[in-house]
file model.pdb (PDB, C-alpha atoms, pLDDT in the B column)
ATOM      1  CA  GLN Y   1      15.761  -3.668 -15.659  1.00 55.00           C
ATOM      2  CA  GLN Y   2      13.179  -1.049 -16.526  1.00 65.00           C
ATOM      3  CA  GLN Y   3      10.297  -3.502 -16.675  1.00 90.00           C
ATOM      4  CA  VAL Y   4       7.297  -3.612 -14.425  1.00 96.00           C
ATOM      5  CA  LYS Y   5       5.493  -6.939 -14.585  1.00 97.00           C
ATOM      6  CA  GLN Y   6       1.787  -6.990 -13.788  1.00 98.00           C
ATOM      7  CA  SER Y   7      -0.583  -9.866 -13.142  1.00 97.00           C
ATOM      8  CA  PRO Y   8      -3.167 -11.125 -13.740  1.00 97.00           C
ATOM      9  CA  GLN Y   9      -3.957 -10.029 -17.274  1.00 97.00           C
ATOM     10  CA  SER Y  10      -7.672 -10.171 -16.516  1.00 97.00           C
ATOM     11  CA  LEU Y  11      -9.731 -10.604 -13.391  1.00 98.00           C
ATOM     12  CA  ILE Y  12     -13.386 -11.323 -12.773  1.00 98.00           C
ATOM     13  CA  VAL Y  13     -14.830 -10.581  -9.355  1.00 98.00           C
ATOM     14  CA  GLN Y  14     -18.305 -10.654  -7.908  1.00 98.00           C
ATOM     15  CA  LYS Y  15     -19.806  -7.471  -6.518  1.00 98.00           C
ATOM     16  CA  GLY Y  16     -18.658  -6.983  -2.956  1.00 98.00           C
ATOM     17  CA  GLY Y  17     -15.560  -9.104  -3.410  1.00 98.00           C
ATOM     18  CA  ILE Y  18     -11.906  -8.160  -3.161  1.00 98.00           C
ATOM     19  CA  SER Y  19      -9.904  -7.499  -6.305  1.00 98.00           C
ATOM     20  CA  ILE Y  20      -6.149  -8.006  -6.052  1.00 98.00           C
ATOM     21  CA  ILE Y  21      -3.653  -7.002  -8.724  1.00 98.00           C
ATOM     22  CA  ASN Y  22       0.064  -7.580  -8.358  1.00 98.00           C
ATOM     23  CA  CYS Y  23       3.142  -5.907  -9.780  1.00 98.00           C
ATOM     24  CA  ALA Y  24       6.862  -6.593  -9.571  1.00 98.00           C
ATOM     25  CA  TYR Y  25       9.738  -4.370 -10.556  1.00 97.00           C
ATOM     26  CA  GLU Y  26      13.465  -4.775 -11.022  1.00 94.00           C
ATOM     27  CA  ASN Y  27      14.940  -1.295 -10.987  1.00 91.00           C
ATOM     28  CA  THR Y  28      15.857  -0.403  -7.394  1.00 91.00           C
ATOM     29  CA  ALA Y  29      16.030   3.265  -8.392  1.00 89.00           C
ATOM     30  CA  PHE Y  30      12.235   3.365  -8.609  1.00 91.00           C
ATOM     31  CA  ASP Y  31      10.829   5.263  -5.653  1.00 90.00           C
ATOM     32  CA  TYR Y  32       7.300   6.135  -6.665  1.00 91.00           C
ATOM     33  CA  PHE Y  33       4.618   3.565  -7.408  1.00 94.00           C
ATOM     34  CA  PRO Y  34       1.228   4.778  -8.668  1.00 94.00           C
ATOM     35  CA  TRP Y  35      -1.817   2.866  -9.796  1.00 96.00           C
ATOM     36  CA  TYR Y  36      -3.964   4.158 -12.633  1.00 96.00           C
ATOM     37  CA  GLN Y  37      -7.509   3.353 -13.675  1.00 97.00           C
ATOM     38  CA  GLN Y  38      -8.458   3.630 -17.318  1.00 97.00           C
ATOM     39  CA  PHE Y  39     -11.896   3.417 -18.871  1.00 96.00           C
ATOM     40  CA  PRO Y  40     -12.297   2.680 -22.600  1.00 94.00           C
ATOM     41  CA  GLY Y  41     -11.462   5.670 -24.773  1.00 92.00           C
ATOM     42  CA  LYS Y  42     -10.163   7.727 -21.854  1.00 94.00           C
ATOM     43  CA  GLY Y  43      -6.782   8.622 -20.479  1.00 95.00           C
ATOM     44  CA  PRO Y  44      -5.539   6.974 -17.285  1.00 95.00           C
ATOM     45  CA  ALA Y  45      -6.547   8.532 -13.985  1.00 94.00           C
ATOM     46  CA  LEU Y  46      -4.415   8.300 -10.864  1.00 92.00           C
ATOM     47  CA  LEU Y  47      -6.027   6.121  -8.195  1.00 94.00           C
ATOM     48  CA  ILE Y  48      -3.479   5.903  -5.450  1.00 94.00           C
ATOM     49  CA  ALA Y  49       0.300   5.990  -5.121  1.00 93.00           C
ATOM     50  CA  ILE Y  50       2.931   4.961  -2.603  1.00 94.00           C
ATOM     51  CA  ARG Y  51       6.538   5.770  -1.788  1.00 91.00           C
ATOM     52  CA  PRO Y  52       8.873   3.014  -0.551  1.00 90.00           C
ATOM     53  CA  ASP Y  53       9.147   4.413   2.957  1.00 91.00           C
ATOM     54  CA  VAL Y  54       5.765   2.916   3.882  1.00 93.00           C
ATOM     55  CA  SER Y  55       4.447  -0.623   3.475  1.00 95.00           C
ATOM     56  CA  GLU Y  56       0.790   0.199   3.030  1.00 97.00           C
ATOM     57  CA  LYS Y  57      -1.410   3.076   1.983  1.00 96.00           C
ATOM     58  CA  LYS Y  58      -5.176   3.141   2.064  1.00 97.00           C
ATOM     59  CA  GLU Y  59      -7.582   5.542   0.412  1.00 95.00           C
ATOM     60  CA  GLY Y  60     -11.202   4.585   0.705  1.00 97.00           C
ATOM     61  CA  ARG Y  61     -11.716   1.146  -0.805  1.00 97.00           C
ATOM     62  CA  PHE Y  62      -8.275   1.145  -2.441  1.00 97.00           C
ATOM     63  CA  THR Y  63      -5.145  -0.089  -0.667  1.00 97.00           C
ATOM     64  CA  ILE Y  64      -1.582  -0.430  -1.904  1.00 97.00           C
ATOM     65  CA  SER Y  65       0.649  -2.972  -0.202  1.00 97.00           C
ATOM     66  CA  PHE Y  66       4.356  -2.526  -0.795  1.00 97.00           C
ATOM     67  CA  ASN Y  67       7.159  -5.025  -0.173  1.00 96.00           C
ATOM     68  CA  LYS Y  68      10.476  -3.311  -0.773  1.00 94.00           C
ATOM     69  CA  SER Y  69      12.669  -6.376  -0.195  1.00 95.00           C
ATOM     70  CA  ALA Y  70      10.665  -8.449  -2.667  1.00 96.00           C
ATOM     71  CA  LYS Y  71      10.314  -5.507  -5.071  1.00 96.00           C
ATOM     72  CA  GLN Y  72       6.601  -6.108  -5.297  1.00 97.00           C
ATOM     73  CA  PHE Y  73       3.501  -4.034  -4.767  1.00 98.00           C
ATOM     74  CA  SER Y  74      -0.169  -4.751  -5.094  1.00 98.00           C
ATOM     75  CA  LEU Y  75      -3.524  -3.034  -5.357  1.00 98.00           C
ATOM     76  CA  HIS Y  76      -6.452  -4.248  -3.303  1.00 98.00           C
ATOM     77  CA  ILE Y  77      -9.953  -3.059  -4.126  1.00 98.00           C
ATOM     78  CA  MET Y  78     -12.309  -3.825  -1.281  1.00 98.00           C
ATOM     79  CA  ASP Y  79     -16.059  -4.203  -1.785  1.00 98.00           C
ATOM     80  CA  SER Y  80     -15.597  -4.207  -5.555  1.00 98.00           C
ATOM     81  CA  GLN Y  81     -18.416  -2.588  -7.515  1.00 98.00           C
ATOM     82  CA  PRO Y  82     -19.523  -2.900 -11.160  1.00 97.00           C
ATOM     83  CA  GLY Y  83     -18.405   0.718 -11.614  1.00 97.00           C
ATOM     84  CA  ASP Y  84     -14.861  -0.413 -10.818  1.00 98.00           C
ATOM     85  CA  SER Y  85     -14.808  -2.420 -14.053  1.00 98.00           C
ATOM     86  CA  ALA Y  86     -11.910  -0.895 -15.976  1.00 98.00           C
ATOM     87  CA  THR Y  87      -8.297  -1.518 -16.889  1.00 98.00           C
ATOM     88  CA  TYR Y  88      -5.809  -0.971 -14.099  1.00 98.00           C
ATOM     89  CA  PHE Y  89      -2.167  -0.175 -14.627  1.00 97.00           C
ATOM     90  CA  CYS Y  90       0.599  -0.165 -12.095  1.00 97.00           C
ATOM     91  CA  ALA Y  91       3.572   2.044 -12.799  1.00 95.00           C
ATOM     92  CA  ALA Y  92       6.901   3.028 -11.338  1.00 93.00           C
ATOM     93  CA  SER Y  93       9.179   6.003 -11.620  1.00 90.00           C
ATOM     94  CA  THR Y  94      12.036   7.744  -9.900  1.00 85.00           C
ATOM     95  CA  LEU Y  95      11.693  11.110  -8.225  1.00 78.00           C
ATOM     96  CA  ALA Y  96      15.382  11.353  -7.458  1.00 67.00           C
ATOM     97  CA  GLY Y  97      16.131  13.713 -10.302  1.00 63.00           C
ATOM     98  CA  GLY Y  98      18.198  13.319 -13.424  1.00 62.00           C
ATOM     99  CA  THR Y  99      17.032  12.564 -16.921  1.00 61.00           C
ATOM    100  CA  SER Y 100      14.666   9.832 -15.790  1.00 63.00           C
ATOM    101  CA  TYR Y 101      12.848  12.033 -13.294  1.00 68.00           C
ATOM    102  CA  GLY Y 102       9.167  11.336 -13.399  1.00 74.00           C
ATOM    103  CA  LYS Y 103       9.256   8.984 -16.376  1.00 84.00           C
ATOM    104  CA  LEU Y 104       6.635   6.342 -15.747  1.00 89.00           C
ATOM    105  CA  THR Y 105       7.196   2.710 -16.614  1.00 92.00           C
ATOM    106  CA  PHE Y 106       3.844   0.971 -16.878  1.00 95.00           C
ATOM    107  CA  GLY Y 107       2.829  -2.589 -16.201  1.00 96.00           C
ATOM    108  CA  GLN Y 108       0.959  -4.519 -18.867  1.00 96.00           C
ATOM    109  CA  GLY Y 109      -2.476  -3.765 -17.408  1.00 97.00           C
ATOM    110  CA  THR Y 110      -5.265  -5.800 -15.825  1.00 98.00           C
ATOM    111  CA  ILE Y 111      -8.788  -5.824 -17.184  1.00 98.00           C
ATOM    112  CA  LEU Y 112     -11.083  -5.988 -14.165  1.00 98.00           C
ATOM    113  CA  THR Y 113     -14.685  -7.052 -14.551  1.00 98.00           C
ATOM    114  CA  VAL Y 114     -16.977  -6.842 -11.543  1.00 98.00           C
ATOM    115  CA  HIS Y 115     -20.193  -8.787 -11.966  1.00 96.00           C
ATOM    116  CA  PRO Y 116     -23.313  -7.459 -10.232  1.00 93.00           C
TER     117      PRO Y 116
ATOM    118  CA  GLY B   1      -6.694  20.005  -9.136  1.00 73.00           C
ATOM    119  CA  ALA B   2      -4.182  19.831 -11.945  1.00 82.00           C
ATOM    120  CA  VAL B   3      -5.950  19.274 -15.241  1.00 90.00           C
ATOM    121  CA  VAL B   4      -4.551  18.379 -18.636  1.00 94.00           C
ATOM    122  CA  SER B   5      -6.656  19.035 -21.702  1.00 95.00           C
ATOM    123  CA  GLN B   6      -5.991  17.148 -24.919  1.00 97.00           C
ATOM    124  CA  HIS B   7      -7.464  18.025 -28.292  1.00 97.00           C
ATOM    125  CA  PRO B   8      -8.884  16.668 -30.474  1.00 97.00           C
ATOM    126  CA  SER B   9     -10.395  13.620 -28.806  1.00 97.00           C
ATOM    127  CA  TRP B  10     -10.583  11.851 -32.124  1.00 97.00           C
ATOM    128  CA  VAL B  11      -9.442  12.521 -35.663  1.00 98.00           C
ATOM    129  CA  ILE B  12      -9.668  10.739 -39.001  1.00 97.00           C
ATOM    130  CA  CYS B  13      -7.180  11.666 -41.694  1.00 96.00           C
ATOM    131  CA  LYS B  14      -6.088  10.431 -45.085  1.00 97.00           C
ATOM    132  CA  SER B  15      -2.806   8.646 -45.663  1.00 97.00           C
ATOM    133  CA  GLY B  16       0.001  11.054 -46.382  1.00 97.00           C
ATOM    134  CA  THR B  17      -1.443  13.981 -44.476  1.00 97.00           C
ATOM    135  CA  SER B  18      -0.256  15.396 -41.150  1.00 97.00           C
ATOM    136  CA  VAL B  19      -2.202  15.633 -37.927  1.00 98.00           C
ATOM    137  CA  LYS B  20      -1.513  17.846 -34.926  1.00 98.00           C
ATOM    138  CA  ILE B  21      -2.551  16.924 -31.391  1.00 98.00           C
ATOM    139  CA  GLU B  22      -2.493  19.514 -28.610  1.00 97.00           C
ATOM    140  CA  CYS B  23      -1.854  18.964 -24.927  1.00 96.00           C
ATOM    141  CA  ARG B  24      -2.494  21.823 -22.511  1.00 95.00           C
ATOM    142  CA  SER B  25      -2.004  22.150 -18.785  1.00 92.00           C
ATOM    143  CA  LEU B  26      -4.987  24.220 -17.693  1.00 92.00           C
ATOM    144  CA  ASP B  27      -4.171  25.387 -14.200  1.00 87.00           C
ATOM    145  CA  PHE B  28      -0.469  24.801 -13.769  1.00 87.00           C
ATOM    146  CA  GLN B  29       2.788  25.242 -15.578  1.00 87.00           C
ATOM    147  CA  ALA B  30       4.265  22.084 -17.021  1.00 86.00           C
ATOM    148  CA  THR B  31       7.982  22.228 -17.722  1.00 83.00           C
ATOM    149  CA  THR B  32       7.789  18.660 -18.945  1.00 88.00           C
ATOM    150  CA  MET B  33       5.128  16.775 -20.850  1.00 91.00           C
ATOM    151  CA  PHE B  34       5.136  13.145 -21.868  1.00 93.00           C
ATOM    152  CA  TRP B  35       3.611  11.614 -24.973  1.00 96.00           C
ATOM    153  CA  TYR B  36       2.390   8.024 -24.993  1.00 96.00           C
ATOM    154  CA  ARG B  37       0.960   5.690 -27.563  1.00 97.00           C
ATOM    155  CA  GLN B  38      -1.459   2.920 -26.694  1.00 96.00           C
ATOM    156  CA  PHE B  39      -2.655   0.102 -28.929  1.00 93.00           C
ATOM    157  CA  PRO B  40      -5.943  -1.691 -28.170  1.00 91.00           C
ATOM    158  CA  LYS B  41      -5.783  -3.810 -25.036  1.00 89.00           C
ATOM    159  CA  GLN B  42      -2.148  -2.893 -24.485  1.00 93.00           C
ATOM    160  CA  SER B  43      -0.225  -0.763 -22.067  1.00 95.00           C
ATOM    161  CA  LEU B  44       0.985   2.793 -22.550  1.00 94.00           C
ATOM    162  CA  MET B  45       4.245   3.120 -24.404  1.00 93.00           C
ATOM    163  CA  LEU B  46       6.255   6.268 -23.789  1.00 93.00           C
ATOM    164  CA  MET B  47       7.147   7.906 -27.076  1.00 95.00           C
ATOM    165  CA  ALA B  48       8.943  11.042 -25.989  1.00 94.00           C
ATOM    166  CA  THR B  49       9.576  13.525 -23.241  1.00 92.00           C
ATOM    167  CA  SER B  50       8.901  17.131 -24.135  1.00 89.00           C
ATOM    168  CA  ASN B  51      10.699  19.899 -22.270  1.00 85.00           C
ATOM    169  CA  GLU B  52       9.647  23.508 -22.563  1.00 83.00           C
ATOM    170  CA  GLY B  53      12.035  25.494 -24.723  1.00 82.00           C
ATOM    171  CA  SER B  54      14.221  22.582 -25.758  1.00 84.00           C
ATOM    172  CA  LYS B  55      14.195  19.600 -28.062  1.00 88.00           C
ATOM    173  CA  ALA B  56      12.154  16.574 -27.145  1.00 92.00           C
ATOM    174  CA  THR B  57      13.830  13.380 -26.042  1.00 92.00           C
ATOM    175  CA  TYR B  58      12.551  10.385 -27.991  1.00 95.00           C
ATOM    176  CA  GLU B  59      12.462   6.813 -26.758  1.00 93.00           C
ATOM    177  CA  GLN B  60      14.340   4.170 -28.659  1.00 93.00           C
ATOM    178  CA  GLY B  61      12.584   3.124 -31.833  1.00 94.00           C
ATOM    179  CA  VAL B  62      10.397   6.238 -32.124  1.00 96.00           C
ATOM    180  CA  GLU B  63      10.951   8.150 -35.352  1.00 94.00           C
ATOM    181  CA  LYS B  64      11.561  11.774 -34.434  1.00 93.00           C
ATOM    182  CA  ASP B  65      10.941  12.936 -38.000  1.00 95.00           C
ATOM    183  CA  LYS B  66       7.540  11.274 -38.071  1.00 96.00           C
ATOM    184  CA  PHE B  67       6.401  12.347 -34.622  1.00 97.00           C
ATOM    185  CA  LEU B  68       7.269  16.024 -34.259  1.00 96.00           C
ATOM    186  CA  ILE B  69       6.978  17.423 -30.780  1.00 94.00           C
ATOM    187  CA  ASN B  70       6.938  21.109 -29.903  1.00 91.00           C
ATOM    188  CA  HIS B  71       6.764  22.499 -26.381  1.00 89.00           C
ATOM    189  CA  ALA B  72       6.827  26.220 -26.992  1.00 82.00           C
ATOM    190  CA  SER B  73       5.239  27.342 -23.749  1.00 89.00           C
ATOM    191  CA  LEU B  74       4.796  26.162 -20.181  1.00 89.00           C
ATOM    192  CA  THR B  75       1.206  25.165 -20.865  1.00 92.00           C
ATOM    193  CA  LEU B  76       1.223  23.723 -24.375  1.00 93.00           C
ATOM    194  CA  SER B  77       2.900  20.817 -26.114  1.00 94.00           C
ATOM    195  CA  THR B  78       1.965  19.548 -29.544  1.00 96.00           C
ATOM    196  CA  LEU B  79       2.517  16.231 -31.286  1.00 97.00           C
ATOM    197  CA  THR B  80       2.388  16.262 -35.076  1.00 97.00           C
ATOM    198  CA  VAL B  81       2.138  12.953 -36.872  1.00 98.00           C
ATOM    199  CA  THR B  82       3.635  13.654 -40.265  1.00 97.00           C
ATOM    200  CA  SER B  83       2.846  11.776 -43.474  1.00 97.00           C
ATOM    201  CA  ALA B  84       0.463   9.557 -41.558  1.00 97.00           C
ATOM    202  CA  HIS B  85      -0.069   5.947 -42.576  1.00 96.00           C
ATOM    203  CA  PRO B  86      -2.661   3.414 -41.409  1.00 96.00           C
ATOM    204  CA  GLU B  87      -0.109   1.833 -39.062  1.00 96.00           C
ATOM    205  CA  ASP B  88       0.048   5.156 -37.188  1.00 96.00           C
ATOM    206  CA  SER B  89      -3.571   4.668 -36.161  1.00 97.00           C
ATOM    207  CA  SER B  90      -3.553   4.475 -32.395  1.00 97.00           C
ATOM    208  CA  PHE B  91      -4.584   6.160 -29.161  1.00 97.00           C
ATOM    209  CA  TYR B  92      -2.214   8.971 -28.249  1.00 98.00           C
ATOM    210  CA  ILE B  93      -2.130  10.276 -24.691  1.00 97.00           C
ATOM    211  CA  CYS B  94      -0.177  13.086 -23.070  1.00 96.00           C
ATOM    212  CA  SER B  95       0.647  13.803 -19.467  1.00 94.00           C
ATOM    213  CA  ALA B  96       2.189  16.813 -17.798  1.00 90.00           C
ATOM    214  CA  ARG B  97       4.622  17.014 -14.933  1.00 83.00           C
ATOM    215  CA  GLU B  98       4.011  19.557 -12.243  1.00 74.00           C
ATOM    216  CA  TRP B  99       6.627  19.768  -9.514  1.00 67.00           C
ATOM    217  CA  ALA B 100       4.216  20.237  -6.654  1.00 64.00           C
ATOM    218  CA  LEU B 101       2.497  16.978  -7.526  1.00 64.00           C
ATOM    219  CA  ALA B 102       5.676  14.920  -7.191  1.00 65.00           C
ATOM    220  CA  GLY B 103       5.133  11.906  -9.445  1.00 69.00           C
ATOM    221  CA  ALA B 104       1.401  12.291  -9.932  1.00 72.00           C
ATOM    222  CA  HIS B 105       1.330  13.409 -13.524  1.00 81.00           C
ATOM    223  CA  PRO B 106      -2.202  14.141 -14.699  1.00 90.00           C
ATOM    224  CA  PHE B 107      -3.084  12.646 -18.059  1.00 94.00           C
ATOM    225  CA  GLY B 108      -5.056  14.057 -20.933  1.00 96.00           C
ATOM    226  CA  SER B 109      -8.152  12.263 -22.147  1.00 96.00           C
ATOM    227  CA  GLY B 110      -6.370  10.912 -25.199  1.00 97.00           C
ATOM    228  CA  THR B 111      -6.731  11.267 -28.966  1.00 98.00           C
ATOM    229  CA  ARG B 112      -7.962   8.442 -31.145  1.00 97.00           C
ATOM    230  CA  LEU B 113      -6.188   8.752 -34.516  1.00 97.00           C
ATOM    231  CA  THR B 114      -7.494   6.786 -37.476  1.00 97.00           C
ATOM    232  CA  VAL B 115      -5.600   6.996 -40.739  1.00 97.00           C
ATOM    233  CA  VAL B 116      -7.529   5.833 -43.798  1.00 97.00           C
TER     234      VAL B 116
END
call {"tool": "encode", "arguments": {"input": "model.pdb", "output": "structure tokens"}}
result
Amino acid sequence: QQQVKQSPQSLIVQKGGISIINCAYENTAFDYFPWYQQFPGKGPALLIAIRPDVSEKKEGRFTISFNKSAKQFSLHIMDSQPGDSATYFCAASTLAGGTSYGKLTFGQGTILTVHP
Amino acid sequence: GAVVSQHPSWVICKSGTSVKIECRSLDFQATTMFWYRQFPKQSLMLMATSNEGSKATYEQGVEKDKFLINHASLTLSTLTVTSAHPEDSSFYICSAREWALAGAHPFGSGTRLTVV
């Protein structure tokens, strides 16, 4: 019930294209859904995050779409650039308090390659 | 913004020795820090939750006697890998929870541990 399933495992996109990564969760207690970007040899960096009270959040070229009833959320990267080539992780946590407060459950990761 | 500093960025040690990794919150107080382990091309696996002034909470399957965690102040948590073996070689990453950031825990840059 704690799992977050992420797909695809890898993704190749041409420069200027749209990259789409999907995640699904099971635990209905999750109420915070961040996306992280990780470059080789570095720690993850927060890209964008969403709470379940909204269905979409956009920050620059990055958009999260959230479907609460389906327990799914996705990351869309518009106008993908070679510099976006990295591993992307979705995650989920609960901010409701208790012993699980803030503990992130990560998806399996997606290796994105953007060809010039 | 909230910054987490992790040191060292890489370390090589001999089998049987101990290695200490430091995680510092630079511009905020972190009552809770999280320690993760990441194998190549895999996701982050939460090892333990470190709370300032109390014992760490370890995830199932993580040996608390091998991975000693100390969170003696609001800005510093340490992970000591004791009696290291080659199978402990991995990428270790910390993150720190800051209440004002809700779920957006900043991550350290990670420590690459190689045991020879």
call {"tool": "resolve_selection", "arguments": {"input": "model.pdb", "expression": "the PyMOL selection byres ((chain Y and resi 12) around 7)", "output": "list in words"}}
result
Ser10, Leu11, Val13, Gln14, Leu112, Thr113 and Val114 of chain Y
call {"tool": "closest_residue", "arguments": {"input": "model.pdb", "among": "B:Gln60, B:Ser90, B:Thr17, B:Ser9", "to": "Thr114 (chain B)", "atoms": "only C-alpha atoms"}}
result
B:Ser90
call {"tool": "resolve_selection", "arguments": {"input": "model.pdb", "expression": "the ChimeraX specification (/Y :<8) & /B", "output": "MDAnalysis selection string"}}
result
chainID B and resid 42:45 93 97 102:104 106:110 112
call {"tool": "closest_residue", "arguments": {"input": "model.pdb", "among": "B:Gly1, B:Gln29, B:Leu113, B:Leu46", "to": "Thr75 (chain B)", "atoms": "only C-alpha atoms"}}
result
B:Gln29
call {"tool": "atom_distance", "arguments": {"input": "model.pdb", "atom1": "CA of Thr28 (chain Y)", "atom2": "CA of Gly61 (chain B)"}}
result
24.9 Å
call {"tool": "decode", "arguments": {"input": "model.pdb", "residues": "region 106-114 of chain B", "atoms": "all heavy atoms", "output": "tab-separated table (two decimals), in the first residue's frame"}}
result
chain	number	residue	atom	x	y	z
B	106	PRO	N	14.72	19.57	1.35
B	106	PRO	CA	15.92	19.67	0.52
B	106	PRO	C	16.85	18.48	0.78
B	106	PRO	O	16.93	17.98	1.91
B	106	PRO	CB	16.55	20.99	0.99
B	106	PRO	CG	16.00	21.23	2.34
B	106	PRO	CD	14.64	20.61	2.37
B	107	PHE	N	17.52	18.06	-0.27
B	107	PHE	CA	18.44	16.94	-0.19
B	107	PHE	C	19.88	17.41	-0.21
B	107	PHE	O	20.21	18.46	-0.79
B	107	PHE	CB	18.23	15.98	-1.37
B	107	PHE	CG	17.05	15.08	-1.21
B	107	PHE	CD1	15.76	15.52	-1.46
B	107	PHE	CD2	17.22	13.76	-0.81
B	107	PHE	CE1	14.67	14.69	-1.30
B	107	PHE	CE2	16.13	12.91	-0.66
B	107	PHE	CZ	14.86	13.38	-0.90
B	108	GLY	N	20.75	16.62	0.44
B	108	GLY	CA	22.17	16.85	0.30
B	108	GLY	C	22.63	16.36	-1.06
B	108	GLY	O	21.86	15.76	-1.82
B	109	SER	N	23.89	16.60	-1.35
B	109	SER	CA	24.44	16.23	-2.66
B	109	SER	C	24.89	14.79	-2.72
B	109	SER	O	25.30	14.32	-3.78
B	109	SER	CB	25.59	17.17	-3.03
B	109	SER	OG	26.56	17.14	-2.00
B	110	GLY	N	24.80	14.08	-1.59
B	110	GLY	CA	25.11	12.66	-1.61
B	110	GLY	C	26.56	12.36	-1.31
B	110	GLY	O	27.46	13.19	-1.48
B	111	THR	N	26.80	11.14	-0.84
B	111	THR	CA	28.15	10.64	-0.56
B	111	THR	C	28.33	9.29	-1.24
B	111	THR	O	27.55	8.37	-0.99
B	111	THR	CB	28.38	10.47	0.95
B	111	THR	OG1	28.28	11.75	1.60
B	111	THR	CG2	29.75	9.86	1.23
B	112	ARG	N	29.32	9.22	-2.10
B	112	ARG	CA	29.64	7.95	-2.76
B	112	ARG	C	30.62	7.20	-1.89
B	112	ARG	O	31.75	7.62	-1.71
B	112	ARG	CB	30.25	8.21	-4.13
B	112	ARG	CG	30.81	6.96	-4.82
B	112	ARG	CD	29.73	6.04	-5.30
B	112	ARG	NE	28.82	6.72	-6.24
B	112	ARG	CZ	27.64	6.23	-6.60
B	112	ARG	NH1	27.22	5.10	-6.11
B	112	ARG	NH2	26.89	6.90	-7.45
B	113	LEU	N	30.19	6.08	-1.31
B	113	LEU	CA	31.05	5.25	-0.46
B	113	LEU	C	31.51	4.03	-1.25
B	113	LEU	O	30.69	3.29	-1.79
B	113	LEU	CB	30.31	4.81	0.80
B	113	LEU	CG	31.00	3.74	1.65
B	113	LEU	CD1	32.32	4.28	2.21
B	113	LEU	CD2	30.10	3.27	2.79
B	114	THR	N	32.81	3.84	-1.28
B	114	THR	CA	33.40	2.65	-1.89
B	114	THR	C	34.24	1.94	-0.84
B	114	THR	O	35.15	2.53	-0.26
B	114	THR	CB	34.28	3.02	-3.10
B	114	THR	OG1	33.50	3.74	-4.05
B	114	THR	CG2	34.84	1.76	-3.75
